[in-house]
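As stored in coords29.pdb (PDB, C-alpha atoms, pLDDT in the B column):
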ATOM      1  CA  MET A  13      48.062 144.558 118.855  1.00 65.00           C
ATOM      2  CA  GLY A  14      47.310 146.090 115.469  1.00 74.00           C
ATOM      3  CA  ASN A  15      49.352 146.242 112.302  1.00 88.00           C
ATOM      4  CA  PRO A  16      52.385 148.558 112.196  1.00 94.00           C
ATOM      5  CA  MET A  17      51.717 152.188 111.333  1.00 97.00           C
ATOM      6  CA  ARG A  18      53.567 153.880 108.499  1.00 98.00           C
ATOM      7  CA  ILE A  19      54.984 157.092 109.911  1.00 98.00           C
ATOM      8  CA  ARG A  20      57.055 159.796 108.223  1.00 98.00           C
ATOM      9  CA  ALA A  21      58.395 162.877 110.013  1.00 98.00           C
ATOM     10  CA  ASN A  22      60.357 165.636 108.287  1.00 98.00           C
ATOM     11  CA  ALA A  23      61.788 168.814 109.816  1.00 98.00           C
ATOM     12  CA  THR A  24      61.857 172.179 108.064  1.00 96.00           C
ATOM     13  CA  GLY A  25      63.421 174.725 110.368  1.00 92.00           C
ATOM     14  CA  ASP A  26      61.779 174.279 113.777  1.00 90.00           C
ATOM     15  CA  THR A  27      58.581 172.802 112.301  1.00 97.00           C
ATOM     16  CA  VAL A  28      58.090 169.052 112.000  1.00 98.00           C
ATOM     17  CA  GLU A  29      55.483 167.594 109.630  1.00 98.00           C
ATOM     18  CA  VAL A  30      54.247 164.130 110.571  1.00 98.00           C
ATOM     19  CA  LYS A  31      52.253 161.820 108.298  1.00 98.00           C
ATOM     20  CA  VAL A  32      50.715 158.637 109.708  1.00 98.00           C
ATOM     21  CA  LEU A  33      48.901 155.800 107.921  1.00 98.00           C
ATOM     22  CA  ILE A  34      47.104 153.558 110.411  1.00 97.00           C
ATOM     23  CA  ARG A  35      45.947 150.077 109.402  1.00 96.00           C
ATOM     24  CA  HIS A  36      42.627 149.493 111.182  1.00 96.00           C
ATOM     25  CA  ASP A  37      39.191 148.278 110.013  1.00 94.00           C
ATOM     26  CA  MET A  38      37.290 151.049 111.841  1.00 96.00           C
ATOM     27  CA  GLU A  39      33.950 149.199 111.967  1.00 95.00           C
ATOM     28  CA  THR A  40      30.968 151.381 112.965  1.00 95.00           C
ATOM     29  CA  GLY A  41      28.759 148.602 114.302  1.00 93.00           C
ATOM     30  CA  GLN A  42      26.038 149.473 111.769  1.00 94.00           C
ATOM     31  CA  ARG A  43      27.175 147.309 108.863  1.00 94.00           C
ATOM     32  CA  LYS A  44      25.754 143.790 108.394  1.00 95.00           C
ATOM     33  CA  ASP A  45      27.661 140.730 107.255  1.00 93.00           C
ATOM     34  CA  ALA A  46      26.529 138.253 104.561  1.00 95.00           C
ATOM     35  CA  SER A  47      24.217 136.451 107.007  1.00 96.00           C
ATOM     36  CA  GLY A  48      22.506 139.685 108.093  1.00 95.00           C
ATOM     37  CA  GLN A  49      24.187 139.904 111.485  1.00 95.00           C
ATOM     38  CA  ALA A  50      25.571 143.261 112.629  1.00 95.00           C
ATOM     39  CA  VAL A  51      29.357 143.500 112.512  1.00 95.00           C
ATOM     40  CA  PRO A  52      30.469 144.589 116.010  1.00 96.00           C
ATOM     41  CA  ALA A  53      31.878 148.102 116.402  1.00 96.00           C
ATOM     42  CA  HIS A  54      35.675 148.179 116.391  1.00 96.00           C
ATOM     43  CA  PHE A  55      37.274 151.592 116.036  1.00 97.00           C
ATOM     44  CA  ILE A  56      40.178 153.711 117.296  1.00 97.00           C
ATOM     45  CA  GLN A  57      39.134 155.934 120.199  1.00 98.00           C
ATOM     46  CA  THR A  58      42.304 157.812 121.155  1.00 98.00           C
ATOM     47  CA  LEU A  59      45.562 158.696 119.450  1.00 98.00           C
ATOM     48  CA  VAL A  60      48.478 160.469 121.128  1.00 98.00           C
ATOM     49  CA  ALA A  61      51.699 161.651 119.469  1.00 98.00           C
ATOM     50  CA  THR A  62      54.702 162.705 121.536  1.00 98.00           C
ATOM     51  CA  CYS A  63      58.122 164.200 120.848  1.00 98.00           C
ATOM     52  CA  LYS A  64      60.766 164.680 123.543  1.00 96.00           C
ATOM     53  CA  ASP A  65      58.261 163.499 126.183  1.00 94.00           C
ATOM     54  CA  LYS A  66      55.812 166.272 125.237  1.00 97.00           C
ATOM     55  CA  VAL A  67      52.381 165.612 123.771  1.00 98.00           C
ATOM     56  CA  VAL A  68      52.223 167.223 120.318  1.00 98.00           C
ATOM     57  CA  LEU A  69      48.831 165.745 119.331  1.00 98.00           C
ATOM     58  CA  ASP A  70      46.014 164.311 121.431  1.00 98.00           C
ATOM     59  CA  ALA A  71      43.052 163.174 119.309  1.00 98.00           C
ATOM     60  CA  GLN A  72      39.774 161.388 119.895  1.00 98.00           C
ATOM     61  CA  PHE A  73      38.336 159.330 117.035  1.00 96.00           C
ATOM     62  CA  GLY A  74      34.884 157.870 116.544  1.00 95.00           C
ATOM     63  CA  THR A  75      32.897 155.673 114.207  1.00 94.00           C
ATOM     64  CA  SER A  76      32.821 158.298 111.448  1.00 94.00           C
ATOM     65  CA  VAL A  77      36.532 157.863 110.662  1.00 96.00           C
ATOM     66  CA  SER A  78      37.173 155.703 107.599  1.00 95.00           C
ATOM     67  CA  LYS A  79      39.037 152.411 107.362  1.00 96.00           C
ATOM     68  CA  ASP A  80      42.863 152.747 107.437  1.00 97.00           C
ATOM     69  CA  PRO A  81      42.885 156.407 108.518  1.00 97.00           C
ATOM     70  CA  PHE A  82      45.560 158.834 107.264  1.00 98.00           C
ATOM     71  CA  LEU A  83      46.599 161.655 109.541  1.00 97.00           C
ATOM     72  CA  SER A  84      48.884 164.614 108.837  1.00 98.00           C
ATOM     73  CA  PHE A  85      49.873 167.301 111.341  1.00 98.00           C
ATOM     74  CA  LYS A  86      52.638 169.797 112.088  1.00 98.00           C
ATOM     75  CA  PHE A  87      54.188 170.971 115.326  1.00 98.00           C
ATOM     76  CA  LYS A  88      56.941 173.368 116.352  1.00 97.00           C
ATOM     77  CA  GLY A  89      59.899 172.625 118.574  1.00 94.00           C
ATOM     78  CA  GLY A  90      61.182 169.469 116.926  1.00 95.00           C
ATOM     79  CA  ALA A  91      64.457 168.904 115.121  1.00 96.00           C
ATOM     80  CA  LYS A  92      66.156 166.321 112.950  1.00 97.00           C
ATOM     81  CA  GLY A  93      67.121 163.278 114.977  1.00 97.00           C
ATOM     82  CA  ASP A  94      64.262 163.593 117.481  1.00 97.00           C
ATOM     83  CA  LYS A  95      61.892 160.646 117.909  1.00 98.00           C
ATOM     84  CA  VAL A  96      58.151 160.987 117.354  1.00 98.00           C
ATOM     85  CA  THR A  97      56.029 158.315 119.039  1.00 98.00           C
ATOM     86  CA  VAL A  98      52.434 157.624 117.990  1.00 98.00           C
ATOM     87  CA  LYS A  99      50.099 155.440 120.073  1.00 98.00           C
ATOM     88  CA  TRP A 100      46.451 154.562 119.464  1.00 98.00           C
ATOM     89  CA  THR A 101      43.908 152.647 121.551  1.00 97.00           C
ATOM     90  CA  ASP A 102      40.616 151.236 120.248  1.00 96.00           C
ATOM     91  CA  ASN A 103      37.260 150.456 121.858  1.00 97.00           C
ATOM     92  CA  LYS A 104      38.199 146.783 122.395  1.00 96.00           C
ATOM     93  CA  GLY A 105      41.334 147.651 124.352  1.00 95.00           C
ATOM     94  CA  ASP A 106      43.780 146.901 121.538  1.00 96.00           C
ATOM     95  CA  SER A 107      46.603 149.377 121.119  1.00 96.00           C
ATOM     96  CA  ARG A 108      49.646 150.008 118.987  1.00 97.00           C
ATOM     97  CA  THR A 109      52.717 152.181 119.518  1.00 97.00           C
ATOM     98  CA  ASP A 110      55.250 153.013 116.811  1.00 98.00           C
ATOM     99  CA  GLU A 111      57.972 155.610 116.507  1.00 97.00           C
ATOM    100  CA  VAL A 112      60.045 157.305 113.852  1.00 98.00           C
ATOM    101  CA  VAL A 113      63.174 159.472 113.822  1.00 98.00           C
ATOM    102  CA  VAL A 114      62.637 162.937 112.341  1.00 98.00           C
ATOM    103  CA  ALA A 115      64.511 163.317 109.042  1.00 97.00           C
TER
END
Could the structure of this file be written out as structure tokens, please?
Amino acid sequence: MGNPMRIRANATGDTVEVKVLIRHDMETGQRKDASGQAVPAHFIQTLVATCKDKVVLDAQFGTSVSKDPFLSFKFKGGAKGDKVTVKWTDNKGDSRTDEVVVA
């Protein structure tokens, strides 16, 4: 299980803006360590955000995404007090799920 995500969600009218900071090394598999050995690939593959049991974002990541990715998105239909859940899964099978209440 990865490090906790930092998630903020704010409602303006019927639009909710979500900002997510994910702590993950996002290794491409092309970098070499000090001894010249390739560092194995380790990156987030999928990320899904839900609100009221509806998927509001379904994303696929790859090796081109930088370390500790930041993601910002908006969706309609949310309100203050709703919960937004964000879950990611990486290529090694690790996953993390966190949630936040919309302010």
Out of A:Ala61, A:Val32, A:Ala115, A:Gly14, which residue has the shortest atom-to-atom distance to Ala91 (chain A) when counting all atoms listed in the file?
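Smallest separation from Ala91 (chain A) among the options: A:Ala115.
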I need the residue set behind the PyMOL selection byres ((chain A and resi 84) around 6) for this file; please write it as a PyMOL selection string. chain A and resi 30-31+83+85
Those same residues - C-alpha atoms - I'd like them written as a PDB file, in the frame of the given file.
ATOM      1  CA  VAL A  30      54.247 164.130 110.571  1.00 98.00           C
ATOM      2  CA  LYS A  31      52.253 161.820 108.298  1.00 98.00           C
ATOM      3  CA  LEU A  83      46.599 161.655 109.541  1.00 97.00           C
ATOM      4  CA  PHE A  85      49.873 167.301 111.341  1.00 98.00           C
TER       5      PHE A  85
END
- Hits of the PyMOL selection byres ((chain A and resi 23) around 10) in this structure, as number ranges by chain: A: 21-22, 24-30, 86-94, 114-115
Evaluate the PyMOL selection byres ((chain A and resi 71-73) around 8) against this structure - the residues, as a list of chain:residue names, please.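 Written out, the selection comes to A:Phe55, A:Ile56, A:Gln57, A:Thr58, A:Leu59, A:Val60, A:Leu69, A:Asp70, A:Gly74, A:Thr75, A:Ser76, A:Val77.
Note that the spacing between CA of Lys104 (chain A) and CA of Asp80 (chain A) amounts to 16.8 Å.
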Expressed in Å, the length from CA of Lys66 (chain A) to CA of Asn15 (chain A) is 24.7 Å
At a cut-off of 12 Å, using all atoms listed in the file, what residues contact Gln42 (chain A)? Leave out same-chain residues fewer than 5 positions from it and give the result as a list of chain:residue names.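 Here the qualifying residues turn out to be A:Gly48, A:Gln49, A:Ala50, A:Val51, A:Pro52, A:Ala53, A:His54, A:Thr75, A:Ser76.
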Could you work out an axis-aligned bounding box for all listed atoms of region 47-51 of chain A, with 6 Å added on each of the six sides, and give its centre and edge lengths in Å to one decimal, as AutoDock Vina command-line options?
--center_x 25.9 --center_y 140.0 --center_z 109.8 --size_x 18.9 --size_y 19.0 --size_z 17.6
request  = In Å, rounded to a single decimal, give me how far CA of Thr97 (chain A) is from CA of Lys64 (chain A).
outcome  =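 Between CA of Lys64 (chain A) and CA of Thr97 (chain A) the gap works out to 9.1 Å.
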